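Visitor: Would you mind keeping the following structure in view while I ask a few things?
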Amino acid sequence: MRKAVGLLAALLLAGGVLGGCSLEQNNASSGQGKTKQDGEVKIGLSISTLNNPFFVTLKEGAEKAAKDKGAELIVVDAQNDSAKQINDIEDLIQQKVDVLLVNPTDSSAVVSAIESANSANIPVITVDRSADGGKVVTHIASDNVAGGKMAAQFLVDHLKNGGNIVELEGIPGSSAARERGEGFHQVIDKAANMKVVAKQAADFDRAKGLSVMENILQSHKDIQAVFAHNDEMALGALEALQAHGMNNVMVVGFDATDDAVKAVKEGKMAATVAQKPALIGEKAVEAAIRVHKGEKVEPFIPVPLELVQKES
């Protein structure tokens, strides 16, 4: 009798284990435990730095678009460090993102990371700044050359008697710095009585814009204008000029961040070239979704520019 009871208990126990295994298999096959829904696109976004209001706004535009479209967006901050950006992108590849959005810290240094994504068959889209190599499906940005021309033409129109100009450049090696400077010089170098008397990199950073401008003012007091490749440097330069009592120098920036637009309205900055970072982020996510669906996208998706100046 005891043997019969023991055998029955063993059979019941075995049935429970088998039933449990069957239940787990059913749960697995039904998709429980998956990290994303069927059909959802997983997008990686590597940003050069979130210590800049422009790129914070770009990120927010991308996040809003991803939420509206039901996409998953993973954002990583390179902190203006090319080596960190390469590692960040490798991590996104390991996370098996479907599409990779890259805002390069350095257009040349990022090439190896883009090539890694190419090898993993992950489509790459560059955002605001281009890359010097690797396979990129599309580039989404404002026309930086056109923006540089716009800034130069503003100075030509407003400095009727010409003048000496200081140019604060962005991060060396970045496409934005290269293209904004190119556009600026295409116009300013042909203008009569206009001369760039000092040109130095301040890495798109406000504190560096202040210190670089301070150094330039040690040897160049006779200046009529400053063109900075972004608003953060322009605001730093403005602070240095104000400290020297040079309130009549025209300062032109690039990006139209909130602080810069406020400075323009208050008459402290002369103008800023307005990009639309939220729209750039939005278009980047929309393009990523289209690429994931196998739809064709143009090799360059432009975002319009406009000049912000004080209303007369």
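We label chains A, B, ... in the order they appear in the structure tokens, count residues from 1 in each chain, and number ligands from 1 in the order shown.
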Per residue of range 119-206 of chain A within 9 Å of range 301-307 of chain A, what are the shortest atom pair and its distance in Å to one decimal, counting only C-alpha atoms, with rows by chain and residue number, as a Markdown table?
Guide:
| residue | atom | partner | partner_atom | distance |
| --- | --- | --- | --- | --- |
| A:Thr138 | CA | A:Ile301 | CA | 7.1 |
| A:His139 | CA | A:Ile301 | CA | 6.1 |
| A:Ile140 | CA | A:Ile301 | CA | 4.8 |
| A:Ala141 | CA | A:Pro302 | CA | 5.4 |
| A:Ser142 | CA | A:Val303 | CA | 4.6 |
| A:Asp143 | CA | A:Pro302 | CA | 6.7 |
| A:Asn144 | CA | A:Leu305 | CA | 9.0 |
| A:Ala146 | CA | A:Leu305 | CA | 8.4 |
| A:Gly147 | CA | A:Leu305 | CA | 7.0 |
| A:Met150 | CA | A:Leu307 | CA | 7.3 |
| A:Ala151 | CA | A:Leu307 | CA | 7.9 |
| A:Phe154 | CA | A:Leu307 | CA | 8.7 |
Visitor: So that I have them on file, write out the residues from the current selection with N, CA, C and O atoms, as a PDB file, in the first residue's frame.
Guide:
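The resulting file, again04.pdb, is reproduced below:
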ATOM      1  N   THR A 138      21.245  58.958 -44.849  1.00  0.00           N
ATOM      2  CA  THR A 138      20.849  60.339 -45.101  1.00  0.00           C
ATOM      3  C   THR A 138      21.463  61.240 -44.036  1.00  0.00           C
ATOM      4  O   THR A 138      21.845  60.780 -42.953  1.00  0.00           O
ATOM      5  N   HIS A 139      21.564  62.513 -44.365  1.00  0.00           N
ATOM      6  CA  HIS A 139      22.078  63.522 -43.433  1.00  0.00           C
ATOM      7  C   HIS A 139      20.990  64.565 -43.222  1.00  0.00           C
ATOM      8  O   HIS A 139      20.426  65.089 -44.191  1.00  0.00           O
ATOM      9  N   ILE A 140      20.688  64.859 -41.963  1.00  0.00           N
ATOM     10  CA  ILE A 140      19.624  65.813 -41.632  1.00  0.00           C
ATOM     11  C   ILE A 140      20.242  67.006 -40.923  1.00  0.00           C
ATOM     12  O   ILE A 140      20.833  66.863 -39.852  1.00  0.00           O
ATOM     13  N   ALA A 141      20.122  68.175 -41.523  1.00  0.00           N
ATOM     14  CA  ALA A 141      20.758  69.363 -40.947  1.00  0.00           C
ATOM     15  C   ALA A 141      20.285  70.607 -41.666  1.00  0.00           C
ATOM     16  O   ALA A 141      19.692  70.543 -42.747  1.00  0.00           O
ATOM     17  N   SER A 142      20.572  71.744 -41.039  1.00  0.00           N
ATOM     18  CA  SER A 142      20.449  73.012 -41.740  1.00  0.00           C
ATOM     19  C   SER A 142      21.650  73.128 -42.678  1.00  0.00           C
ATOM     20  O   SER A 142      22.645  72.435 -42.509  1.00  0.00           O
ATOM     21  N   ASP A 143      21.553  74.017 -43.648  1.00  0.00           N
ATOM     22  CA  ASP A 143      22.662  74.257 -44.567  1.00  0.00           C
ATOM     23  C   ASP A 143      23.641  75.203 -43.878  1.00  0.00           C
ATOM     24  O   ASP A 143      23.450  76.427 -43.861  1.00  0.00           O
ATOM     25  N   ASN A 144      24.688  74.646 -43.279  1.00  0.00           N
ATOM     26  CA  ASN A 144      25.628  75.444 -42.504  1.00  0.00           C
ATOM     27  C   ASN A 144      26.396  76.450 -43.355  1.00  0.00           C
ATOM     28  O   ASN A 144      26.739  77.539 -42.878  1.00  0.00           O
ATOM     29  N   ALA A 146      25.214  77.977 -46.009  1.00  0.00           N
ATOM     30  CA  ALA A 146      24.261  79.068 -46.238  1.00  0.00           C
ATOM     31  C   ALA A 146      24.119  79.933 -44.984  1.00  0.00           C
ATOM     32  O   ALA A 146      24.005  81.162 -45.076  1.00  0.00           O
ATOM     33  N   GLY A 147      24.139  79.303 -43.805  1.00  0.00           N
ATOM     34  CA  GLY A 147      24.047  80.055 -42.559  1.00  0.00           C
ATOM     35  C   GLY A 147      25.249  80.956 -42.342  1.00  0.00           C
ATOM     36  O   GLY A 147      25.114  82.100 -41.872  1.00  0.00           O
ATOM     37  N   MET A 150      24.840  83.900 -44.509  1.00  0.00           N
ATOM     38  CA  MET A 150      23.806  84.771 -43.950  1.00  0.00           C
ATOM     39  C   MET A 150      24.386  85.685 -42.870  1.00  0.00           C
ATOM     40  O   MET A 150      24.100  86.888 -42.822  1.00  0.00           O
ATOM     41  N   ALA A 151      25.223  85.112 -42.000  1.00  0.00           N
ATOM     42  CA  ALA A 151      25.860  85.895 -40.935  1.00  0.00           C
ATOM     43  C   ALA A 151      26.784  86.955 -41.528  1.00  0.00           C
ATOM     44  O   ALA A 151      26.789  88.118 -41.089  1.00  0.00           O
ATOM     45  N   PHE A 154      24.879  89.828 -43.165  1.00  0.00           N
ATOM     46  CA  PHE A 154      24.326  90.725 -42.146  1.00  0.00           C
ATOM     47  C   PHE A 154      25.366  91.771 -41.742  1.00  0.00           C
ATOM     48  O   PHE A 154      25.059  92.966 -41.644  1.00  0.00           O
TER      49      PHE A 154
END
Visitor: Residues near Glu169 in chain A, anyone? I mean within 6 Å using only C-alpha atoms, not counting same-chain ones fewer than 6 positions away, as a CSV table (one decimal) with all heavy atoms, in the first residue's frame.
Guide:
chain,number,residue,atom,x,y,z
A,200,GLN,N,40.1,82.0,-33.9
A,200,GLN,CA,40.5,81.0,-33.0
A,200,GLN,C,39.4,80.1,-32.5
A,200,GLN,O,38.2,80.5,-32.4
A,200,GLN,CB,41.1,81.7,-31.7
A,200,GLN,CG,41.9,80.7,-30.8
A,200,GLN,CD,42.7,81.5,-29.8
A,200,GLN,OE1,43.0,82.7,-29.9
A,200,GLN,NE2,42.9,80.9,-28.6
A,201,ALA,N,39.7,78.8,-32.3
A,201,ALA,CA,38.7,77.9,-31.9
A,201,ALA,C,38.3,78.0,-30.4
A,201,ALA,O,39.2,78.3,-29.6
A,201,ALA,CB,39.2,76.4,-32.1
A,202,ALA,N,37.0,78.0,-30.1
A,202,ALA,CA,36.5,78.0,-28.7
A,202,ALA,C,35.6,76.8,-28.5
A,202,ALA,O,34.9,76.8,-27.5
A,202,ALA,CB,35.9,79.3,-28.4
A,229,HIS,N,30.7,80.7,-34.3
A,229,HIS,CA,30.1,79.6,-35.0
A,229,HIS,C,28.9,79.0,-34.2
A,229,HIS,O,28.2,78.2,-34.8
A,229,HIS,CB,31.1,78.5,-35.2
A,229,HIS,CG,32.1,78.8,-36.3
A,229,HIS,ND1,33.0,77.9,-36.8
A,229,HIS,CD2,32.3,80.0,-36.9
A,229,HIS,CE1,33.8,78.5,-37.7
A,229,HIS,NE2,33.4,79.8,-37.8
Visitor: Kindly provide the residues of range 128-178 of chain A that approach range 115-119 of chain A to within 10 Å, each paired with its closest atom pair and their distance in Å to one decimal, based on only C-alpha atoms, listed by chain and increasing number, as a tab-separated table.
Guide:
residue	atom	partner	partner_atom	distance
A:Gly133	CA	A:Glu115	CA	8.1
A:Gly134	CA	A:Glu115	CA	5.1
A:Lys135	CA	A:Asn118	CA	6.6
A:Val136	CA	A:Asn118	CA	8.6
Visitor: What does the file look like for those residues with N, CA, C and O atoms, as a PDB file, in the first residue's frame?
Guide:
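Now in result-v1.pdb:
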ATOM      1  N   GLY A 133      33.200  59.723 -43.469  1.00  0.00           N
ATOM      2  CA  GLY A 133      33.290  58.409 -44.102  1.00  0.00           C
ATOM      3  C   GLY A 133      32.276  57.454 -43.519  1.00  0.00           C
ATOM      4  O   GLY A 133      31.464  57.813 -42.663  1.00  0.00           O
ATOM      5  N   GLY A 134      32.328  56.203 -43.968  1.00  0.00           N
ATOM      6  CA  GLY A 134      31.317  55.231 -43.578  1.00  0.00           C
ATOM      7  C   GLY A 134      30.072  55.414 -44.443  1.00  0.00           C
ATOM      8  O   GLY A 134      29.910  56.436 -45.114  1.00  0.00           O
ATOM      9  N   LYS A 135      29.195  54.408 -44.435  1.00  0.00           N
ATOM     10  CA  LYS A 135      27.973  54.476 -45.235  1.00  0.00           C
ATOM     11  C   LYS A 135      26.865  55.114 -44.409  1.00  0.00           C
ATOM     12  O   LYS A 135      26.481  54.596 -43.356  1.00  0.00           O
ATOM     13  N   VAL A 136      26.361  56.248 -44.886  1.00  0.00           N
ATOM     14  CA  VAL A 136      25.291  56.984 -44.209  1.00  0.00           C
ATOM     15  C   VAL A 136      24.090  57.062 -45.146  1.00  0.00           C
ATOM     16  O   VAL A 136      24.225  57.457 -46.311  1.00  0.00           O
TER      17      VAL A 136
END
Visitor: So how far away is CA of Ala240 in chain A from CA of Val156 in chain A, in Å?
Guide: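 Atom-to-atom, CA of Val156 in chain A and CA of Ala240 in chain A are spaced 23.4 Å apart.
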Visitor: Between A:Val137, A:Ile89, A:Leu58, A:Met246, which residue has the minimum interatomic distance to Gln275 in chain A, considering only C-alpha atoms?
Guide: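 The closest residue to Gln275 in chain A is A:Leu58.
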Visitor: When you look at Glu286 in chain A with a cut-off of 12 Å (counting only C-alpha atoms), what residues show up, excluding the ones that are within fewer than 6 positions of it in the same chain? I need them as number ranges by chain.
Guide: A: 41, 43, 61-71, 73, 99, 101, 125, 138, 140, 279-280, 292-293, 295, 297, 301
Visitor: Hey, can you spit out that residue selection with N, CA, C and O atoms as a CSV table (one decimal), in the first residue's frame?
Guide:
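Generated file (out-v2.csv):
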chain,number,residue,atom,x,y,z
A,41,VAL,N,10.2,50.0,-33.7
A,41,VAL,CA,11.5,50.3,-34.1
A,41,VAL,C,12.4,50.8,-32.9
A,41,VAL,O,11.9,51.6,-32.1
A,43,ILE,N,15.6,52.8,-31.9
A,43,ILE,CA,16.5,53.8,-32.4
A,43,ILE,C,17.5,54.2,-31.4
A,43,ILE,O,17.2,54.5,-30.3
A,61,GLY,N,13.2,67.1,-29.2
A,61,GLY,CA,12.4,67.0,-30.4
A,61,GLY,C,12.4,65.5,-30.9
A,61,GLY,O,11.3,65.0,-31.3
A,62,ALA,N,13.5,64.8,-30.8
A,62,ALA,CA,13.6,63.4,-31.1
A,62,ALA,C,12.7,62.6,-30.2
A,62,ALA,O,12.0,61.7,-30.6
A,63,GLU,N,12.8,62.9,-28.9
A,63,GLU,CA,12.0,62.1,-27.9
A,63,GLU,C,10.5,62.3,-28.1
A,63,GLU,O,9.8,61.3,-28.0
A,64,LYS,N,10.1,63.5,-28.4
A,64,LYS,CA,8.7,63.7,-28.7
A,64,LYS,C,8.2,63.0,-29.9
A,64,LYS,O,7.1,62.3,-29.9
A,65,ALA,N,9.0,63.0,-31.0
A,65,ALA,CA,8.7,62.3,-32.2
A,65,ALA,C,8.6,60.8,-32.0
A,65,ALA,O,7.7,60.1,-32.5
A,66,ALA,N,9.6,60.3,-31.2
A,66,ALA,CA,9.6,58.8,-30.9
A,66,ALA,C,8.3,58.4,-30.1
A,66,ALA,O,7.7,57.4,-30.4
A,67,LYS,N,8.0,59.3,-29.2
A,67,LYS,CA,6.8,59.0,-28.4
A,67,LYS,C,5.5,59.0,-29.2
A,67,LYS,O,4.6,58.1,-29.1
A,68,ASP,N,5.4,60.0,-30.1
A,68,ASP,CA,4.3,60.1,-31.0
A,68,ASP,C,4.1,59.0,-32.0
A,68,ASP,O,3.0,58.6,-32.3
A,69,LYS,N,5.3,58.5,-32.4
A,69,LYS,CA,5.3,57.4,-33.4
A,69,LYS,C,5.4,56.0,-32.8
A,69,LYS,O,5.4,55.0,-33.5
A,70,GLY,N,5.4,55.9,-31.5
A,70,GLY,CA,5.5,54.6,-30.8
A,70,GLY,C,6.8,53.9,-31.0
A,70,GLY,O,6.9,52.7,-31.1
A,71,ALA,N,7.9,54.7,-31.2
A,71,ALA,CA,9.2,54.1,-31.3
A,71,ALA,C,10.0,54.2,-30.0
A,71,ALA,O,9.7,55.0,-29.1
A,73,LEU,N,13.5,55.0,-28.2
A,73,LEU,CA,14.6,55.9,-28.4
A,73,LEU,C,15.6,55.8,-27.3
A,73,LEU,O,15.2,56.0,-26.1
A,99,VAL,N,18.1,51.3,-36.0
A,99,VAL,CA,18.6,52.4,-36.8
A,99,VAL,C,19.5,53.2,-35.8
A,99,VAL,O,19.1,53.4,-34.6
A,101,LEU,N,21.2,57.0,-35.1
A,101,LEU,CA,21.3,58.4,-35.4
A,101,LEU,C,22.6,58.9,-34.7
A,101,LEU,O,22.8,58.7,-33.5
A,125,ILE,N,22.2,57.3,-39.8
A,125,ILE,CA,21.7,58.6,-40.2
A,125,ILE,C,22.5,59.7,-39.4
A,125,ILE,O,22.6,59.6,-38.2
A,138,THR,N,21.2,59.0,-44.8
A,138,THR,CA,20.8,60.3,-45.1
A,138,THR,C,21.5,61.2,-44.0
A,138,THR,O,21.8,60.8,-43.0
A,140,ILE,N,20.7,64.9,-42.0
A,140,ILE,CA,19.6,65.8,-41.6
A,140,ILE,C,20.2,67.0,-40.9
A,140,ILE,O,20.8,66.9,-39.9
A,279,LEU,N,13.1,70.5,-34.6
A,279,LEU,CA,12.6,70.0,-35.9
A,279,LEU,C,13.7,69.0,-36.5
A,279,LEU,O,13.3,68.0,-37.1
A,280,ILE,N,15.0,69.3,-36.3
A,280,ILE,CA,16.0,68.4,-36.7
A,280,ILE,C,15.8,67.0,-36.1
A,280,ILE,O,15.9,66.0,-36.7
A,292,HIS,N,13.7,52.1,-41.5
A,292,HIS,CA,13.4,50.8,-40.9
A,292,HIS,C,12.3,50.0,-41.7
A,292,HIS,O,12.3,48.8,-41.8
A,293,LYS,N,11.4,50.8,-42.3
A,293,LYS,CA,10.3,50.2,-43.1
A,293,LYS,C,10.7,49.9,-44.5
A,293,LYS,O,9.9,49.3,-45.2
A,295,GLU,N,11.6,52.2,-46.7
A,295,GLU,CA,11.2,53.3,-47.6
A,295,GLU,C,12.5,54.0,-48.0
A,295,GLU,O,13.4,54.1,-47.3
A,297,VAL,N,14.7,57.3,-48.7
A,297,VAL,CA,14.8,58.7,-48.2
A,297,VAL,C,15.9,59.4,-49.0
A,297,VAL,O,16.8,58.8,-49.6
A,301,ILE,N,18.4,65.8,-46.0
A,301,ILE,CA,17.1,66.3,-45.6
A,301,ILE,C,17.3,67.7,-45.0
A,301,ILE,O,17.8,67.7,-43.8
Visitor: Could you pull out the residues in range 90-225 of chain A that DSSP calls strand (DSSP E) from the backbone, as a PyMOL selection string?
Guide: chain A and resi 99-102+124-127+138-141+163-169+194-201+225
Visitor: Considering only C-alpha atoms, state which residue in the set A:Ala287, A:Val166, A:Ala177, A:Val76 is at the smallest distance from Val252 in chain A.
Guide: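 So, comparing all the options, the nearest one is A:Val166.
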